[in-house]
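Listing of protein-v2.txt; format and content: compact mmCIF, C-alpha atoms.
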```
# COMPACT_ATOMS: atom_id res chain seq x y z
CA MET A 1 -13.61 17.79 5.17
CA GLU A 2 -12.74 14.10 4.72
CA ILE A 3 -11.87 14.71 1.05
CA ALA A 4 -9.62 17.62 2.04
CA ILE A 5 -7.77 15.46 4.59
CA LYS A 6 -7.24 12.60 2.11
CA LEU A 7 -6.16 15.02 -0.63
CA SER A 8 -3.75 16.85 1.71
CA GLN A 9 -2.08 13.58 2.72
CA PHE A 10 -1.92 12.41 -0.90
CA LEU A 11 -0.33 15.64 -2.19
CA LEU A 12 2.07 15.95 0.76
CA SER A 13 3.27 12.36 0.35
CA LEU A 14 3.58 12.73 -3.42
CA SER A 15 5.51 16.01 -3.05
CA ILE A 16 7.97 14.52 -0.54
CA LEU A 17 8.62 11.51 -2.77
CA ILE A 18 9.04 13.54 -5.96
CA ILE A 19 11.32 16.22 -4.46
CA LEU A 20 13.60 13.69 -2.76
CA HIS A 21 13.71 11.43 -5.83
CA GLU A 22 14.71 14.32 -8.07
CA LEU A 23 17.25 15.51 -5.48
CA GLY A 24 18.80 12.07 -5.85
CA HIS A 25 19.55 12.97 -9.48
CA PHE A 26 20.27 16.65 -8.84
CA ILE A 27 22.95 16.31 -6.14
CA PRO A 28 25.32 13.91 -7.96
CA ALA A 29 24.78 15.88 -11.20
CA LYS A 30 25.98 19.04 -9.44
CA LEU A 31 28.84 17.17 -7.75
CA PHE A 32 30.05 16.02 -11.16
CA LYS A 33 29.68 19.61 -12.51
CA THR A 34 26.79 18.70 -14.80
CA ARG A 35 24.42 21.54 -15.63
CA VAL A 36 20.85 21.13 -14.37
CA GLU A 37 18.54 23.43 -16.32
CA LYS A 38 15.28 22.74 -14.43
CA PHE A 39 14.15 21.27 -11.12
CA TYR A 40 10.36 20.89 -10.98
CA LEU A 41 7.77 19.53 -8.60
CA PHE A 42 4.90 18.43 -10.87
CA PHE A 43 4.86 19.01 -14.62
CA ASP A 44 4.89 22.52 -16.09
CA ILE A 45 3.23 21.84 -19.44
CA LYS A 46 2.75 25.25 -21.10
CA TYR A 47 3.04 27.16 -17.80
CA SER A 48 4.21 27.00 -14.17
CA LEU A 49 2.42 27.88 -10.95
CA LEU A 50 5.69 29.15 -9.48
CA LYS A 51 9.21 29.46 -10.83
CA LYS A 52 12.48 31.14 -9.93
CA LYS A 53 15.90 30.92 -11.53
CA ILE A 54 18.83 30.56 -9.17
CA GLY A 55 22.19 30.35 -10.89
CA GLU A 56 21.88 28.11 -13.94
CA THR A 57 18.83 26.19 -12.65
CA GLU A 58 15.14 27.13 -12.84
CA TYR A 59 13.22 25.85 -9.81
CA GLY A 60 9.45 25.63 -10.03
CA ILE A 61 6.11 24.00 -9.35
CA GLY A 62 4.03 22.83 -12.29
CA TRP A 63 0.26 22.58 -12.46
CA LEU A 64 -0.03 18.88 -13.36
CA PRO A 65 0.56 16.70 -10.24
CA LEU A 66 1.60 13.54 -12.09
CA GLY A 67 5.25 13.59 -11.08
CA GLY A 68 8.26 15.87 -11.37
CA TYR A 69 11.61 16.08 -13.11
CA VAL A 70 15.09 17.54 -13.37
CA LYS A 71 16.23 18.58 -16.84
CA ILE A 72 19.92 17.79 -17.17
CA SER A 73 21.84 19.34 -20.04
CA GLY A 74 22.92 16.92 -22.77
CA MET A 75 20.62 14.10 -21.72
CA ILE A 76 17.88 12.55 -23.81
CA ASP A 77 14.95 12.60 -21.41
CA GLU A 78 11.23 13.40 -21.31
CA SER A 79 11.91 16.85 -22.80
CA MET A 80 13.09 15.20 -26.09
CA ASP A 81 15.31 18.23 -26.70
CA THR A 82 16.76 17.03 -30.02
CA GLU A 83 17.93 20.54 -30.93
CA GLN A 84 20.38 20.60 -28.02
CA MET A 85 21.53 17.06 -28.82
CA ALA A 86 22.30 18.05 -32.43
CA GLN A 87 24.98 20.49 -31.21
CA GLU A 88 28.55 19.65 -30.25
CA PRO A 89 28.81 18.14 -26.73
CA GLN A 90 29.86 20.62 -24.05
CA PRO A 91 31.98 19.79 -20.97
CA TRP A 92 29.07 20.52 -18.58
CA GLU A 93 26.67 18.18 -20.38
CA PHE A 94 25.56 14.75 -19.18
CA ARG A 95 26.69 13.06 -22.39
CA SER A 96 30.23 14.36 -21.90
CA LYS A 97 30.68 12.76 -18.49
CA PRO A 98 32.31 9.35 -17.92
CA ALA A 99 29.89 6.41 -17.92
CA TRP A 100 30.41 5.73 -14.19
CA GLN A 101 29.39 9.30 -13.31
CA ARG A 102 26.31 9.08 -15.53
CA LEU A 103 25.42 5.77 -13.87
CA ILE A 104 25.60 7.34 -10.38
CA ILE A 105 23.44 10.27 -11.53
CA MET A 106 20.80 7.92 -12.94
CA LEU A 107 20.77 5.64 -9.88
CA GLY A 108 20.55 8.60 -7.48
CA GLY A 109 16.75 8.87 -7.55
CA VAL A 110 15.92 5.25 -6.74
CA THR A 111 18.74 5.12 -4.17
CA VAL A 112 17.11 8.01 -2.30
CA ASN A 113 13.72 6.28 -2.54
CA PHE A 114 15.03 3.13 -0.86
CA ILE A 115 17.00 5.07 1.77
CA LEU A 116 13.92 7.18 2.55
CA ALA A 117 11.77 4.07 3.05
CA PHE A 118 14.32 2.51 5.42
CA ILE A 119 14.64 5.78 7.39
CA ILE A 120 10.85 5.98 7.75
CA TYR A 121 10.61 2.37 8.95
CA ILE A 122 13.41 2.97 11.45
CA GLY A 123 11.67 6.13 12.69
CA MET A 124 8.28 4.41 12.96
CA THR A 125 9.83 1.51 14.86
CA PHE A 126 11.41 3.94 17.32
CA PHE A 127 8.33 6.17 17.81
CA TYR A 128 5.48 3.64 17.56
CA GLY A 129 7.04 0.27 18.27
CA GLU A 130 5.42 -2.93 17.00
CA LYS A 131 1.78 -3.65 17.85
CA TYR A 132 0.61 -7.24 17.67
CA ILE A 133 -1.16 -10.17 19.35
CA ASN A 134 0.73 -13.35 20.08
CA ASN A 135 -0.65 -15.82 17.56
CA ASN A 136 -1.09 -18.41 20.32
CA ASP A 137 -3.54 -16.02 22.00
CA VAL A 138 -5.91 -16.10 19.01
CA LYS A 139 -7.41 -19.14 20.69
CA ASP A 140 -10.68 -19.40 18.75
CA GLY A 141 -9.13 -18.83 15.35
CA ILE A 142 -9.67 -16.21 12.69
CA TRP A 143 -12.72 -14.62 11.09
CA VAL A 144 -12.72 -15.29 7.32
CA GLN A 145 -14.26 -12.30 5.51
CA ASN A 146 -13.81 -13.39 1.90
CA GLN A 147 -15.92 -15.96 0.05
CA GLU A 148 -13.06 -16.98 -2.25
CA LEU A 149 -10.88 -17.76 0.75
CA GLU A 150 -13.68 -19.93 2.12
CA LYS A 151 -14.01 -21.69 -1.23
CA ALA A 152 -10.25 -22.31 -1.17
CA GLY A 153 -10.73 -24.18 2.12
CA ILE A 154 -9.92 -21.76 4.95
CA GLN A 155 -12.76 -21.44 7.46
CA THR A 156 -13.73 -19.10 10.27
CA GLY A 157 -12.37 -20.62 13.48
CA ASP A 158 -9.20 -21.98 11.84
CA LYS A 159 -6.00 -21.14 13.70
CA LEU A 160 -3.25 -19.96 11.36
CA LEU A 161 -0.01 -21.84 11.97
CA ALA A 162 2.22 -21.11 8.98
CA ILE A 163 2.18 -19.39 5.58
CA ASP A 164 4.32 -20.94 2.83
CA GLY A 165 6.14 -22.91 5.51
CA LYS A 166 6.94 -19.84 7.64
CA PRO A 167 5.53 -20.14 11.19
CA ILE A 168 3.25 -17.31 12.35
CA THR A 169 4.26 -16.04 15.78
CA LYS A 170 2.56 -12.63 15.73
CA PHE A 171 -0.92 -11.74 14.46
CA ASP A 172 -0.86 -8.22 12.98
CA PRO A 173 -2.17 -6.47 9.83
CA SER A 174 0.69 -7.88 7.71
CA VAL A 175 -0.86 -11.36 7.99
CA ASN A 176 -3.54 -10.36 5.46
CA MET A 177 -0.93 -9.54 2.82
CA GLU A 178 0.97 -12.74 3.57
CA VAL A 179 -2.19 -14.83 3.08
CA LEU A 180 -3.01 -12.97 -0.14
CA MET A 181 0.43 -13.73 -1.57
CA ALA A 182 0.56 -17.29 -0.22
CA LYS A 183 0.62 -20.57 -2.08
CA THR A 184 -0.06 -22.72 0.99
CA VAL A 185 -1.50 -22.01 4.43
CA LEU A 186 -1.17 -24.42 7.37
CA VAL A 187 -4.11 -24.23 9.81
CA ASN A 188 -5.28 -26.02 12.93
CA ARG A 189 -8.95 -26.99 12.65
CA ASN A 190 -10.50 -28.63 15.68
CA GLY A 191 -7.14 -29.98 16.78
CA GLU A 192 -6.16 -31.30 13.34
CA GLU A 193 -3.55 -29.66 11.13
CA LYS A 194 -4.53 -29.06 7.50
CA THR A 195 -2.52 -27.60 4.61
CA ILE A 196 -4.65 -25.42 2.34
CA THR A 197 -3.35 -24.78 -1.20
CA LEU A 198 -4.67 -21.53 -2.65
CA PRO A 199 -5.52 -21.48 -6.38
CA ASN A 200 -3.13 -19.72 -8.78
CA ASN A 201 -5.77 -17.12 -9.68
CA PHE A 202 -6.81 -16.43 -6.08
CA ILE A 203 -5.57 -12.82 -6.16
CA GLY A 204 -7.67 -12.08 -9.26
CA LYS A 205 -10.76 -13.50 -7.58
CA PHE A 206 -10.07 -11.49 -4.44
CA ILE A 207 -9.78 -8.29 -6.47
CA ASP A 208 -13.08 -9.05 -8.25
CA GLN A 209 -14.77 -9.09 -4.85
CA ASP A 210 -13.00 -5.87 -3.85
CA LYS A 211 -12.67 -6.84 -0.20
CA LYS A 212 -10.42 -4.79 2.05
CA ALA A 213 -9.45 -7.77 4.19
CA LEU A 214 -9.27 -11.52 3.85
CA ILE A 215 -9.22 -12.33 7.52
CA ALA A 216 -9.72 -10.50 10.80
CA LEU A 217 -9.87 -11.10 14.51
CA ARG A 218 -13.19 -12.52 15.66
CA MET A 219 -15.13 -9.77 17.44
CA PRO A 220 -18.13 -9.64 19.76
CA PHE A 221 -21.51 -8.42 18.47
CA VAL A 222 -21.72 -4.86 19.81
CA VAL A 223 -24.84 -2.81 19.16
CA GLY A 224 -23.99 0.43 17.36
CA GLY A 225 -27.30 1.78 16.05
CA PHE A 226 -30.68 0.81 14.68
CA ALA A 227 -32.42 0.69 11.31
CA ASP A 228 -35.49 2.95 11.04
CA ASN A 229 -37.82 -0.03 11.06
CA SER A 230 -35.94 -2.02 13.71
CA PRO A 231 -38.33 -3.93 16.04
CA ASN A 232 -35.66 -4.04 18.77
CA LYS A 233 -35.17 -0.38 19.63
CA GLU A 234 -36.90 -0.82 22.98
CA GLN A 235 -35.07 -4.01 23.89
CA LEU A 236 -31.50 -3.06 23.01
CA LYS A 237 -29.27 -0.10 23.76
CA PRO A 238 -26.10 1.12 22.03
CA LYS A 239 -22.98 -0.64 23.37
CA ASP A 240 -24.96 -3.75 24.36
CA ILE A 241 -22.93 -6.89 23.68
CA LEU A 242 -24.86 -9.95 22.54
CA VAL A 243 -23.86 -12.88 24.76
CA SER A 244 -26.35 -15.64 23.92
CA MET A 245 -29.64 -16.38 22.16
CA ASN A 246 -32.07 -19.15 23.00
CA GLY A 247 -29.45 -20.59 25.32
CA GLN A 248 -26.79 -20.71 22.57
CA SER A 249 -23.55 -18.89 23.35
CA LEU A 250 -22.77 -16.13 20.85
CA ARG A 251 -19.28 -15.03 21.77
CA TYR A 252 -18.47 -13.76 18.29
CA PHE A 253 -20.17 -11.62 15.67
CA ASP A 254 -19.73 -14.30 12.99
CA GLN A 255 -21.91 -16.67 15.08
CA ALA A 256 -24.85 -14.24 15.16
CA GLY A 257 -25.87 -14.45 11.49
CA PRO A 258 -26.54 -18.22 11.46
CA ALA A 259 -28.31 -17.91 14.82
CA PHE A 260 -30.64 -15.19 13.49
CA ALA A 261 -31.30 -17.21 10.34
CA ALA A 262 -32.40 -20.17 12.45
CA HIS A 263 -35.09 -18.01 14.10
CA LYS A 264 -36.56 -16.14 11.11
CA GLY A 265 -39.89 -14.48 11.85
CA LYS A 266 -39.74 -15.35 15.56
CA LYS A 267 -39.22 -13.72 18.92
CA VAL A 268 -36.43 -15.28 20.93
CA GLU A 269 -34.94 -14.87 24.37
CA ALA A 270 -31.42 -13.48 24.45
CA VAL A 271 -28.83 -12.20 26.92
CA VAL A 272 -26.76 -9.04 26.46
CA LEU A 273 -23.91 -7.58 28.48
CA ARG A 274 -25.00 -4.07 29.49
CA ASP A 275 -22.86 -1.87 31.74
CA GLY A 276 -20.94 -4.92 32.85
CA LYS A 277 -24.03 -6.93 33.82
CA GLU A 278 -25.90 -9.65 31.94
CA THR A 279 -29.45 -8.57 31.02
CA LYS A 280 -32.22 -10.68 29.52
CA VAL A 281 -34.03 -9.28 26.44
CA THR A 282 -36.50 -10.56 23.86
CA LEU A 283 -35.35 -10.08 20.29
CA ALA A 284 -37.59 -10.01 17.23
CA VAL A 285 -36.00 -11.58 14.15
CA ASN A 286 -37.58 -10.57 10.83
CA ASN A 287 -38.30 -12.89 7.92
CA ASN A 288 -34.89 -12.10 6.40
CA GLY A 289 -33.03 -13.26 9.50
CA LYS A 290 -32.16 -9.73 10.62
CA ILE A 291 -32.74 -7.82 13.87
CA GLY A 292 -32.37 -4.28 12.45
CA VAL A 293 -29.16 -3.48 14.29
CA ALA A 294 -25.91 -1.97 13.00
CA PRO A 295 -22.76 -3.28 14.71
CA ALA A 296 -20.33 -0.94 16.44
CA GLN A 297 -16.56 -0.95 16.56
CA ILE A 298 -14.91 -1.97 19.82
CA THR A 299 -11.60 -0.61 21.04
CA GLU A 300 -8.52 -2.67 21.81
CA THR A 301 -8.80 -1.60 25.46
CA ASN A 302 -12.36 -2.93 25.74
CA LEU A 303 -11.43 -6.16 23.97
CA GLU A 304 -8.76 -6.67 26.61
CA LYS A 305 -11.16 -5.87 29.47
CA LEU A 306 -13.66 -8.38 28.11
CA GLY A 307 -10.95 -11.03 27.92
CA TYR A 308 -10.95 -11.49 24.14
CA TYR A 309 -7.35 -10.59 23.29
CA GLN A 310 -4.18 -9.31 24.87
CA PHE A 311 -2.55 -6.64 22.69
CA SER A 312 1.18 -6.09 22.98
CA THR A 313 3.46 -3.26 21.91
CA GLU A 314 7.14 -4.01 21.66
CA THR A 315 9.20 -0.86 22.08
CA PHE A 316 12.73 -0.26 20.82
CA GLY A 317 15.55 2.11 21.67
CA PHE A 318 16.98 4.24 18.89
CA PHE A 319 19.85 1.91 18.03
CA GLU A 320 17.60 -1.16 18.40
CA SER A 321 15.19 0.41 15.90
CA ILE A 322 17.80 0.51 13.14
CA PRO A 323 18.08 -3.23 12.33
CA VAL A 324 14.35 -3.76 12.97
CA GLY A 325 13.40 -0.90 10.61
CA ILE A 326 15.84 -2.10 7.95
CA ASN A 327 14.36 -5.61 8.15
CA LYS A 328 10.87 -4.13 7.69
CA GLY A 329 12.10 -2.24 4.65
CA PHE A 330 13.57 -5.35 3.06
CA ALA A 331 10.40 -7.32 3.86
CA GLN A 332 8.25 -4.69 2.11
CA LEU A 333 10.67 -4.61 -0.82
CA GLU A 334 10.44 -8.39 -1.14
CA ASN A 335 6.63 -8.31 -0.90
CA TYR A 336 6.31 -5.61 -3.56
CA TRP A 337 8.65 -7.48 -5.90
CA LYS A 338 6.48 -10.58 -5.48
CA GLN A 339 3.38 -8.51 -6.26
CA LEU A 340 5.01 -7.08 -9.37
CA LYS A 341 5.86 -10.57 -10.67
CA LEU A 342 2.27 -11.67 -10.06
CA ILE A 343 0.93 -8.63 -11.95
CA PHE A 344 2.99 -9.57 -15.01
CA ASN A 345 1.66 -13.15 -14.85
CA PRO A 346 -1.81 -12.99 -16.49
CA SER A 347 -2.90 -16.34 -15.06
CA THR A 348 -2.96 -14.92 -11.51
CA GLY A 349 -5.42 -12.12 -12.38
CA ALA A 350 -3.34 -9.75 -10.22
CA TYR A 351 -3.29 -7.19 -13.06
CA LYS A 352 -6.93 -6.40 -12.19
CA GLY A 353 -5.69 -4.69 -9.04
CA VAL A 354 -3.41 -2.24 -10.85
CA GLY A 355 -4.57 1.28 -10.04
CA GLY A 356 -3.61 4.82 -10.89
CA PHE A 357 -3.62 8.07 -8.96
CA HIS A 358 -7.18 7.60 -7.69
CA ALA A 359 -6.22 4.22 -6.22
CA ILE A 360 -3.20 5.77 -4.47
CA TYR A 361 -5.39 8.63 -3.19
CA ASN A 362 -7.85 6.10 -1.74
CA VAL A 363 -5.11 4.34 0.24
CA PHE A 364 -4.88 7.34 2.58
CA PRO A 365 -7.35 7.44 5.52
CA ASP A 366 -10.01 10.15 5.77
CA THR A 367 -8.78 11.13 9.24
CA TRP A 368 -5.29 12.52 9.78
CA SER A 369 -2.90 9.94 11.17
CA TRP A 370 0.84 10.52 11.06
CA GLU A 371 1.45 6.82 11.66
CA ALA A 372 -0.68 5.86 8.66
CA PHE A 373 0.78 8.70 6.57
CA TRP A 374 4.39 7.66 7.09
CA SER A 375 3.60 3.98 6.64
CA ILE A 376 1.94 4.65 3.28
CA THR A 377 4.69 7.07 2.22
CA ALA A 378 7.37 4.46 2.97
CA LEU A 379 5.54 1.85 0.90
CA LEU A 380 5.02 4.31 -1.98
CA SER A 381 8.72 5.18 -1.85
CA ILE A 382 9.60 1.51 -2.30
CA MET A 383 7.08 1.21 -5.13
CA LEU A 384 8.51 4.29 -6.85
CA GLY A 385 12.04 2.96 -6.50
CA VAL A 386 11.21 -0.49 -7.87
CA MET A 387 9.11 0.87 -10.75
CA ASN A 388 11.86 3.29 -11.78
CA LEU A 389 14.36 0.44 -11.89
CA LEU A 390 12.35 -1.43 -14.52
CA PRO A 391 14.44 -1.66 -17.74
CA ILE A 392 12.05 0.51 -19.72
CA PRO A 393 13.49 3.39 -21.79
CA ALA A 394 12.32 6.74 -20.32
CA LEU A 395 12.62 5.30 -16.80
CA ASP A 396 15.81 5.43 -14.76
CA GLY A 397 16.16 1.67 -15.22
CA GLY A 398 16.18 2.08 -19.00
CA HIS A 399 19.04 4.60 -18.84
CA VAL A 400 20.90 2.32 -16.41
CA MET A 401 20.46 -0.61 -18.81
CA PHE A 402 22.06 1.30 -21.69
CA LEU A 403 24.84 2.64 -19.45
CA LEU A 404 25.71 -0.87 -18.26
CA TYR A 405 25.80 -2.00 -21.90
CA GLU A 406 28.17 0.87 -22.68
CA MET A 407 30.43 0.08 -19.71
CA ILE A 408 30.60 -3.65 -20.58
CA SER A 409 30.92 -3.36 -24.37
CA GLY A 410 32.82 -0.09 -24.55
CA LYS A 411 30.33 1.12 -27.17
CA LYS A 412 28.02 4.04 -26.52
CA PRO A 413 24.52 3.86 -28.12
CA SER A 414 24.05 6.65 -30.66
CA ASP A 415 21.90 9.68 -29.88
CA LYS A 416 19.49 8.64 -32.65
CA PHE A 417 19.07 5.20 -31.09
CA MET A 418 18.52 6.76 -27.66
CA GLU A 419 15.89 9.12 -29.07
CA LYS A 420 13.97 6.21 -30.60
CA ALA A 421 14.34 4.12 -27.43
CA GLN A 422 13.05 7.04 -25.38
CA LEU A 423 10.04 7.32 -27.68
CA VAL A 424 9.28 3.61 -27.32
CA GLY A 425 9.60 3.98 -23.55
CA PHE A 426 7.13 6.86 -23.55
CA VAL A 427 4.60 4.78 -25.47
CA LEU A 428 4.98 1.95 -22.92
CA LEU A 429 4.68 4.32 -19.98
CA ILE A 430 1.62 6.06 -21.40
CA SER A 431 0.06 2.66 -22.05
CA LEU A 432 0.69 1.61 -18.44
CA LEU A 433 -0.65 4.93 -17.19
CA LEU A 434 -3.80 4.60 -19.29
CA PHE A 435 -4.29 1.00 -18.14
CA ALA A 436 -3.83 1.85 -14.44
CA ASN A 437 -6.08 4.90 -14.47
CA GLY A 438 -8.52 3.11 -16.79
CA ASN A 439 -8.81 0.45 -14.10
CA ASP A 440 -9.71 3.22 -11.63
CA ILE A 441 -12.42 4.51 -13.95
CA TYR A 442 -13.80 1.04 -14.62
CA LYS A 443 -14.02 0.27 -10.90
CA ALA A 444 -15.78 3.59 -10.31
CA ILE A 445 -18.31 2.86 -13.05
CA VAL A 446 -19.10 -0.69 -11.91
CA GLY A 447 -19.06 0.36 -8.25
CA LYS A 448 -16.00 -1.60 -7.11
```
Will you turn the file into structure tokens for me?
Amino acid sequence: MEIAIKLSQFLLSLSILIILHELGHFIPAKLFKTRVEKFYLFFDIKYSLLKKKIGETEYGIGWLPLGGYVKISGMIDESMDTEQMAQEPQPWEFRSKPAWQRLIIMLGGVTVNFILAFIIYIGMTFFYGEKYINNNDVKDGIWVQNQELEKAGIQTGDKLLAIDGKPITKFDPSVNMEVLMAKTVLVNRNGEEKTITLPNNFIGKFIDQDKKALIALRMPFVVGGFADNSPNKEQLKPKDILVSMNGQSLRYFDQAGPAFAAHKGKKVEAVVLRDGKETKVTLAVNNNGKIGVAPAQITETNLEKLGYYQFSTETFGFFESIPVGINKGFAQLENYWKQLKLIFNPSTGAYKGVGGFHAIYNVFPDTWSWEAFWSITALLSIMLGVMNLLPIPALDGGHVMFLLYEMISGKKPSDKFMEKAQLVGFVLLISLLLFANGNDIYKAIVGK
């Protein structure tokens, strides 16, 4: 069932992005009276799952869910229809249109991608608001969950003050991405401010560890379940919260491990919070410094009741949501551009994180959440827009590059040159596709 939910979200998101991107090419093509021969969701290599011709255009669904396309008459594209290009240009063909019209047609897809992302962020701001914790309320600092971050100098208990000189006012999930992309992090450690400089290859090291988060809120130790051989099944109950051990306060989960390690192979007095009351128990710690207990998740509501954090949700009216959503869109666009630059810089090791369709599939949660779905779809729309703008022949950006050259120089590249450029672009794209999906396979084999 979980696989079906993830797959449904993946295919729905991909279908929305592909159809709207191709509509971005289709609509201006039709407005400029350019013939569109095919409009396809997914690729129809050899055969189609569904197809129907309406007017001069064949609409269909292919069997290979790796993208989609519109086939525009008189355009050198992925179809490599050299036979059509060898004939005399016709008035309804792409190549017969003025350069400015061809430019609008080519930019239509990425324009729709960016507009879609901004619309989604505006809608999410209006419907869901912004959830966060005031950074000042994270009084006991953060929980560092990555060894490389610890090696770089950031410790559990540090209070984040600024990232790359930008003060942190709200603690929310975006902080993880900001830390990952950061060069410097300003923290408060025991009342003293320290500037931590992250190494240039930090992202590559993070990817090697395959951690989902760098930092998190510090949480209490809540009993979730027991190992089969746990010696503490009689002493503890699910939902018990560990308060102290041997007189030492254990307010946070990250404090429990060192405390257990200090009492290996011993029985020790402890206090748990059970049904709102403190209860004394005797815990047996095995020789590995474990108590045979699996931790449980704790809800935001219970964290508030226990006095750990105060969660806030800032709501916005419809018109208020517009500038906030647009700012979110530009922030994501800026972040993705930074990531792309890091990927193309081998010294950062960021290229190790490049993934293909399996990586995108895994981004979706295994339970249905419209909030998560739209958030991921907006980000993918930005990614699709940016990637298509890269000046690689066979991508929209490659066509735009040649069109700008034509408009500036007054000289149109020959059809033969465009055919060769398109072929080179295909080789580059296939290489990128193989690398990205090869990364997926490698991670699956080595278990990362």
For the contact check between region 54-144 of chain A and region 33-38 of chain A, emit one row per residue of region 54-144 of chain A within 6 Å, containing the shortest atom pair and the distance in Å rounded to one decimal, counting all atoms listed in the file, chain then rising number order, as a Markdown table.
```
| residue | atom | partner | partner_atom | distance |
| --- | --- | --- | --- | --- |
| A:Thr57 | CA | A:Glu37 | CA | 4.6 |
| A:Glu58 | CA | A:Lys38 | CA | 4.7 |
| A:Tyr59 | CA | A:Lys38 | CA | 5.9 |
| A:Val70 | CA | A:Lys38 | CA | 5.3 |
| A:Lys71 | CA | A:Lys38 | CA | 4.9 |
| A:Ile72 | CA | A:Val36 | CA | 4.5 |
| A:Ser73 | CA | A:Arg35 | CA | 5.6 |
| A:Trp92 | CA | A:Thr34 | CA | 4.8 |
| A:Glu93 | CA | A:Thr34 | CA | 5.6 |
```
Task: CA of Trp337 (chain A) to CA of Gly68 (chain A), distance in Å rounded to a single decimal - done: 24.0 Å
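Remark: for Phe253 (chain A), the closest of the candidate residues A:Ala216, A:Asp164, A:Glu406, A:Phe32 is A:Ala216 (distances computed over all atoms listed in the file).
When CA of Lys420 (chain A) is paired with CA of Leu404 (chain A), their separation reads 18.4 Å.
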TODO: Could you give me, as a ChimeraX atom specification, the residues within 10 Å of Glu320 (chain A), counting all atoms listed in the file and dropping anything in the same chain fewer than 5 positions from it?
DONE: /A:122,125-126,315,325
Contacts between region 196-201 of chain A and region 62-176 of chain A, please, where a residue of region 62-176 of chain A counts if it comes within 7 Å (with only C-alpha atoms); show its shortest atom pair and distance in Å to one decimal, rows by chain and ascending number, as JSON lines.
```
{"residue": "A:Ala152", "atom": "CA", "partner": "A:Leu198", "partner_atom": "CA", "distance": 5.8}
{"residue": "A:Gly153", "atom": "CA", "partner": "A:Ile196", "partner_atom": "CA", "distance": 6.2}
{"residue": "A:Ile154", "atom": "CA", "partner": "A:Ile196", "partner_atom": "CA", "distance": 6.9}
```
Write to file, as a short mmCIF file (atom, residue, chain, number, x, y, z; two decimals), in the frame of the given file, the residues of the selection just made, with C-alpha atoms.
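Saved result, result.cif, follows:
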```
data_model
loop_
_atom_site.label_atom_id
_atom_site.label_comp_id
_atom_site.auth_asym_id
_atom_site.auth_seq_id
_atom_site.Cartn_x
_atom_site.Cartn_y
_atom_site.Cartn_z
CA ALA A 152 -10.25 -22.31 -1.17
CA GLY A 153 -10.73 -24.18 2.12
CA ILE A 154 -9.92 -21.76 4.95
#
```
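Straight-line separation from CA of Asp158 (chain A) to CA of Tyr308 (chain A): 16.3 Å.
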- [ ] Write out as a ChimeraX atom specification which residues come within 7 Å of region 286-301 of chain A when counting all atoms listed in the file, dropping same-chain ones fewer than 3 positions away.
- [x] /A:221-227,230-232,260-261,263-265,304-305
Any chance you can output those residues with C-alpha atoms as a short mmCIF file (atom, residue, chain, number, x, y, z; two decimals), keeping the file's coordinate frame?
```
data_model
loop_
_atom_site.label_atom_id
_atom_site.label_comp_id
_atom_site.auth_asym_id
_atom_site.auth_seq_id
_atom_site.Cartn_x
_atom_site.Cartn_y
_atom_site.Cartn_z
CA PHE A 221 -21.51 -8.42 18.47
CA VAL A 222 -21.72 -4.86 19.81
CA VAL A 223 -24.84 -2.81 19.16
CA GLY A 224 -23.99 0.43 17.36
CA GLY A 225 -27.30 1.78 16.05
CA PHE A 226 -30.68 0.81 14.68
CA ALA A 227 -32.42 0.69 11.31
CA SER A 230 -35.94 -2.02 13.71
CA PRO A 231 -38.33 -3.93 16.04
CA ASN A 232 -35.66 -4.04 18.77
CA PHE A 260 -30.64 -15.19 13.49
CA ALA A 261 -31.30 -17.21 10.34
CA HIS A 263 -35.09 -18.01 14.10
CA LYS A 264 -36.56 -16.14 11.11
CA GLY A 265 -39.89 -14.48 11.85
CA GLU A 304 -8.76 -6.67 26.61
CA LYS A 305 -11.16 -5.87 29.47
#
```
Task: Counting only C-alpha atoms, the option among A:Ala182, A:Ile360, A:Ile105, A:Leu7 closest to His25 (chain A) - done: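 Result for the nearest residue to His25 (chain A): A:Ile105.
Closest to Asn135 (chain A) among A:Leu403, A:Leu340, A:Leu160, A:Leu236 is A:Leu160, based on all atoms listed in the file.
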Open item on the list: Set the distance at 12 Å and use all atoms listed in the file: which residues neighbour Ser312 (chain A) once local chain neighbours fewer than 3 positions away are removed? I'd like the list as a list in words.
Closed with: Tyr128, Gly129, Glu130, Lys131, Tyr132, Ile133, Asn134, Asn135, Asp137, Lys170, Phe171, Asp172, Glu300, Thr301, Glu304, Tyr309 and Thr315 of chain A
Open item on the list: Env of Ser48 (chain A): 9 Å cut, atoms = only C-alpha atoms, seq-sep filter 5 positions within chain, self excluded. Answer as number ranges by chain.
Closed with: A: 43, 60-63
Listed atoms of region 96-111 of chain A boxed along x, y and z, 8 Å each side, centre and edge lengths in Å, one decimal, as AutoDock Vina command-line options:
```
--center_x 24.1 --center_y 9.7 --center_z -13.0 --size_x 32.4 --size_y 25.2 --size_z 33.7
```
Task: For region 367-377 of chain A: contacts at 9 Å, all atoms listed in the file, fewer than 3 positions along chain excluded, given as an MDAnalysis selection string - done: chainID A and resid 2 5:6 9:10 13:14 16:17 117 120:121 124 128 363:364 380:382
